[in-house]
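Pasted below: my_file-v4.pdb, PDB, C-alpha atoms.
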```pdb
ATOM      1  CA  MET A   4      30.062 169.189-114.467
ATOM      2  CA  ALA A   5      27.933 168.898-117.587
ATOM      3  CA  ASN A   6      24.327 167.830-117.427
ATOM      4  CA  LYS A   7      24.590 164.136-118.077
ATOM      5  CA  LYS A   8      21.600 161.995-118.867
ATOM      6  CA  ILE A   9      21.492 159.287-116.230
ATOM      7  CA  ARG A  10      19.179 156.796-117.923
ATOM      8  CA  ASP A  11      16.752 156.691-120.816
ATOM      9  CA  VAL A  12      13.196 155.541-120.338
ATOM     10  CA  LEU A  13      12.500 152.023-121.598
ATOM     11  CA  ASN A  14       8.726 152.042-121.430
ATOM     12  CA  ASP A  15       7.465 150.226-124.537
ATOM     13  CA  GLY A  16       6.857 147.062-122.523
ATOM     14  CA  PHE A  17       8.678 143.966-121.330
ATOM     15  CA  ILE A  18      10.395 141.165-123.187
ATOM     16  CA  GLN A  19      11.042 137.715-121.858
ATOM     17  CA  TYR A  20      14.331 136.205-122.933
ATOM     18  CA  GLY A  21      15.527 132.641-122.722
ATOM     19  CA  THR A  22      16.620 129.619-124.708
ATOM     20  CA  LYS A  23      14.975 126.655-126.411
ATOM     21  CA  GLU A  24      15.408 123.220-124.901
ATOM     22  CA  THR A  25      14.689 119.972-126.742
ATOM     23  CA  GLU A  26      11.854 117.948-125.237
ATOM     24  CA  ARG A  27      12.191 114.185-125.394
ATOM     25  CA  SER A  28       9.830 111.299-124.767
ATOM     26  CA  PRO A  29      10.642 108.729-122.051
ATOM     27  CA  LYS A  30      12.237 106.633-124.796
ATOM     28  CA  GLY A  31      14.494 109.527-125.849
ATOM     29  CA  LYS A  32      12.667 110.474-129.044
ATOM     30  CA  ARG A  33      12.636 114.184-129.844
ATOM     31  CA  ILE A  34       9.066 115.468-129.497
ATOM     32  CA  GLY A  35       9.564 119.222-129.718
ATOM     33  CA  GLU A  36      11.141 122.274-128.144
ATOM     34  CA  LYS A  37      10.291 124.199-125.013
ATOM     35  CA  PHE A  38      11.054 127.844-124.213
ATOM     36  CA  VAL A  39      13.131 128.105-121.022
ATOM     37  CA  PRO A  40      12.844 131.663-119.632
ATOM     38  CA  MET A  41      15.951 133.328-118.184
ATOM     39  CA  GLY A  42      14.510 136.716-117.268
ATOM     40  CA  LYS A  43      12.507 139.803-118.203
ATOM     41  CA  LEU A  44      13.699 143.187-119.411
ATOM     42  CA  ALA A  45      12.008 146.509-120.107
ATOM     43  CA  TYR A  46      12.551 147.610-123.695
ATOM     44  CA  GLN A  47      12.280 150.519-126.087
ATOM     45  CA  GLU A  48      11.483 149.896-129.739
ATOM     46  CA  MET A  49      14.055 151.437-132.059
ATOM     47  CA  SER A  50      13.720 152.465-135.672
ATOM     48  CA  CYS A  51      15.477 150.230-138.184
ATOM     49  CA  ARG A  52      17.961 151.869-140.521
ATOM     50  CA  ASP A  53      18.814 150.714-144.034
ATOM     51  CA  GLU A  54      22.141 149.417-142.669
ATOM     52  CA  ASP A  55      20.230 147.237-140.193
ATOM     53  CA  TYR A  56      18.172 145.633-142.959
ATOM     54  CA  GLU A  57      21.326 145.076-145.034
ATOM     55  CA  MET A  58      23.119 143.466-142.074
ATOM     56  CA  ALA A  59      20.189 141.069-141.585
ATOM     57  CA  LYS A  60      20.155 140.261-145.292
ATOM     58  CA  VAL A  61      23.866 139.408-145.209
ATOM     59  CA  LEU A  62      23.160 137.030-142.303
ATOM     60  CA  SER A  63      20.347 135.381-144.342
ATOM     61  CA  ALA A  64      17.674 136.715-142.000
ATOM     62  CA  VAL A  65      14.760 139.136-142.111
ATOM     63  CA  LEU A  66      14.801 141.986-139.601
ATOM     64  CA  SER A  67      11.374 142.232-137.957
ATOM     65  CA  LEU A  68      12.099 144.335-134.873
ATOM     66  CA  LYS A  69      14.940 146.280-133.284
ATOM     67  CA  ILE A  70      14.808 146.978-129.549
ATOM     68  CA  ARG A  71      17.017 148.408-126.819
ATOM     69  CA  THR A  72      17.199 147.054-123.261
ATOM     70  CA  LEU A  73      19.454 147.461-120.275
ATOM     71  CA  CYS A  74      22.285 144.937-120.282
ATOM     72  CA  PRO A  75      21.786 142.439-117.437
ATOM     73  CA  PRO A  76      24.996 141.063-115.904
ATOM     74  CA  GLN A  77      24.032 137.439-116.669
ATOM     75  CA  LEU A  78      24.069 138.165-120.424
ATOM     76  CA  ARG A  79      27.511 139.799-120.547
ATOM     77  CA  LYS A  80      29.330 136.520-121.140
ATOM     78  CA  PHE A  81      26.384 134.572-122.637
ATOM     79  CA  SER A  82      26.181 133.992-126.412
ATOM     80  CA  LYS A  83      23.278 136.279-127.245
ATOM     81  CA  ASN A  84      22.758 134.730-130.683
ATOM     82  CA  LYS A  85      21.391 131.601-128.951
ATOM     83  CA  LEU A  86      18.704 133.617-127.195
ATOM     84  CA  LYS A  87      15.013 133.599-127.985
ATOM     85  CA  VAL A  88      12.916 136.652-127.166
ATOM     86  CA  VAL A  89       9.157 136.874-126.572
ATOM     87  CA  VAL A  90       7.496 140.259-127.147
ATOM     88  CA  ASP A  91       3.719 140.578-126.722
ATOM     89  CA  GLY A  92       3.151 136.849-127.311
ATOM     90  CA  THR A  93       5.342 136.692-130.425
ATOM     91  CA  GLU A  94       8.565 134.715-130.438
ATOM     92  CA  TYR A  95      11.703 136.069-132.100
ATOM     93  CA  ASP A  96      15.155 134.731-132.886
ATOM     94  CA  VAL A  97      18.049 137.045-132.080
ATOM     95  CA  ILE A  98      19.829 137.811-135.356
ATOM     96  CA  LYS A  99      22.431 139.967-133.648
ATOM     97  CA  ALA A 100      22.924 141.712-130.313
ATOM     98  CA  ASP A 101      25.151 144.765-129.922
ATOM     99  CA  SER A 102      26.031 146.743-126.844
ATOM    100  CA  ASP A 103      26.793 150.421-126.565
ATOM    101  CA  ARG A 104      30.259 151.716-125.695
ATOM    102  CA  GLU A 105      29.586 151.840-121.949
ATOM    103  CA  LYS A 106      28.074 148.304-121.961
ATOM    104  CA  MET A 107      24.903 149.718-120.405
ATOM    105  CA  TYR A 108      22.430 148.892-123.195
ATOM    106  CA  LEU A 109      21.889 145.955-125.530
ATOM    107  CA  TYR A 110      20.443 146.417-129.005
ATOM    108  CA  PHE A 111      18.607 143.308-130.177
ATOM    109  CA  TYR A 112      17.982 142.721-133.880
ATOM    110  CA  LEU A 113      15.088 140.275-134.012
ATOM    111  CA  GLN A 114      13.521 137.998-136.618
ATOM    112  CA  GLU A 115       9.935 136.903-136.028
ATOM    113  CA  VAL A 116       9.518 133.153-135.626
ATOM    114  CA  GLY A 117       5.841 132.870-134.718
ATOM    115  CA  THR A 118       3.357 132.820-131.876
ATOM    116  CA  HIS A 119       4.772 131.832-128.522
ATOM    117  CA  GLU A 120       3.083 128.921-126.775
ATOM    118  CA  GLN A 121       2.491 129.452-123.090
ATOM    119  CA  ASP A 122       4.418 126.311-122.042
ATOM    120  CA  GLN A 123       5.637 127.859-118.815
ATOM    121  CA  LYS A 124       2.069 128.653-117.688
ATOM    122  CA  GLN A 125       1.000 125.024-118.102
ATOM    123  CA  ASP A 126       4.104 123.621-116.429
ATOM    124  CA  ALA A 127       4.419 126.089-113.567
ATOM    125  CA  GLY A 128       0.751 126.922-113.131
ATOM    126  CA  THR A 129       1.661 130.530-112.380
ATOM    127  CA  ASP A 130       2.409 133.785-114.089
TER     128      ASP A 130
END
```
Produce structure tokens that represent the structure in this file.
Amino acid sequence: MANKKIRDVLNDGFIQYGTKETERSPKGKRIGEKFVPMGKLAYQEMSCRDEDYEMAKVLSAVLSLKIRTLCPPQLRKFSKNKLKVVVDGTEYDVIKADSDREKMYLYFYLQEVGTHEQDQKQDAGTD
């Protein structure tokens, strides 16, 4: 049996992933959006290749960050393009998400949106 690497180390930090939900006033008027967290994942920052920048350009986006995470079961059937990702207090849109052949890792191509407000800290009172 060949020496097979069991798992890479994902030690660059943690991301929080989730979706955006529209906030409405009691009268139903749209007053903003709120980040709804779905989970946390350890990640490794990856280097961006020229092909990655070109792919983002074709999708009318700007590639800010490329990361690799383990693929959680809850995201296997979820549309990853609707996800929002928070890394070190900065919010990103998911331009594209690819998995490897074994479906063990996800590669997120991210576009920076801005600073993430700590809505969940105010609402939940914990962290």
- Query: Using only C-alpha atoms, can you list as number ranges by chain the residues within 10 Å of (2.9, 132.2, -133.9)?
  - Reply: A: 92-95, 115-120
- Message: I'd like the interatomic distance between atom CA of Lys87 of chain A and atom CA of Lys23 of chain A, to a tenth of an Å.
- Response: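 The value is 7.1 Å.
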- Evaluate the PyMOL selection byres ((chain A and resi 54-65) around 12) on the structure here and hand back the selected residues as JSON, numbers by chain. {"A": [49, 50, 51, 52, 53, 66, 67, 68, 69, 70, 84, 95, 96, 97, 98, 99, 100, 101, 110, 111, 112, 113, 114, 115, 116]}
- Task: Would you work out the distance separating atom CA of Ala45 of chain A from atom CA of Val88 of chain A, expressed in Å to one decimal?
- Result: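 Between atom CA of Ala45 of chain A and atom CA of Val88 of chain A the gap is 12.2 Å.
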- Task: Calculate how many Å separate atom CA of Tyr20 of chain A from atom CA of Gln77 of chain A, rounding to one decimal.
- Result: 11.6 Å
- Could you tell me which of A:Lys32, A:Met41, A:Ile18, A:Tyr46 comes closest to Phe81 of chain A if we count all atoms listed in the file? A:Met41
Give me the result of the PyMOL selection byres ((chain A and resi 16) around 10) on this file, residue by residue, as a PDB file with C-alpha atoms, in the coordinates of the input.
```pdb
ATOM      1  CA  LEU A  13      12.500 152.023-121.598  1.00  0.00           C
ATOM      2  CA  ASN A  14       8.726 152.042-121.430  1.00  0.00           C
ATOM      3  CA  ASP A  15       7.465 150.226-124.537  1.00  0.00           C
ATOM      4  CA  PHE A  17       8.678 143.966-121.330  1.00  0.00           C
ATOM      5  CA  ILE A  18      10.395 141.165-123.187  1.00  0.00           C
ATOM      6  CA  LEU A  44      13.699 143.187-119.411  1.00  0.00           C
ATOM      7  CA  ALA A  45      12.008 146.509-120.107  1.00  0.00           C
ATOM      8  CA  TYR A  46      12.551 147.610-123.695  1.00  0.00           C
ATOM      9  CA  GLN A  47      12.280 150.519-126.087  1.00  0.00           C
ATOM     10  CA  GLU A  48      11.483 149.896-129.739  1.00  0.00           C
ATOM     11  CA  VAL A  90       7.496 140.259-127.147  1.00  0.00           C
ATOM     12  CA  ASP A  91       3.719 140.578-126.722  1.00  0.00           C
TER      13      ASP A  91
END
```
- Write out as a PyMOL selection string the residues lying within 8 Å of Val39 of chain A, counting only C-alpha atoms and excluding same-chain residues fewer than 3 positions away. chain A and resi 21-24+123
Output file for the selection above: C-alpha atoms, as an mmCIF file, keeping the file's coordinate frame:
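Listing of again-v4.cif after writing:
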```cif
data_model
loop_
_atom_site.group_PDB
_atom_site.id
_atom_site.type_symbol
_atom_site.label_atom_id
_atom_site.label_comp_id
_atom_site.auth_asym_id
_atom_site.auth_seq_id
_atom_site.Cartn_x
_atom_site.Cartn_y
_atom_site.Cartn_z
ATOM 1 C CA GLY A 21 15.527 132.641 -122.722
ATOM 2 C CA THR A 22 16.620 129.619 -124.708
ATOM 3 C CA LYS A 23 14.975 126.655 -126.411
ATOM 4 C CA GLU A 24 15.408 123.220 -124.901
ATOM 5 C CA GLN A 123 5.637 127.859 -118.815
#
```
- Message: Restricting the calculation to only C-alpha atoms: of A:Lys43, A:Leu109, A:Ser102, A:Glu36, which residue gets closest to Leu73 of chain A?
- Response: A:Leu109
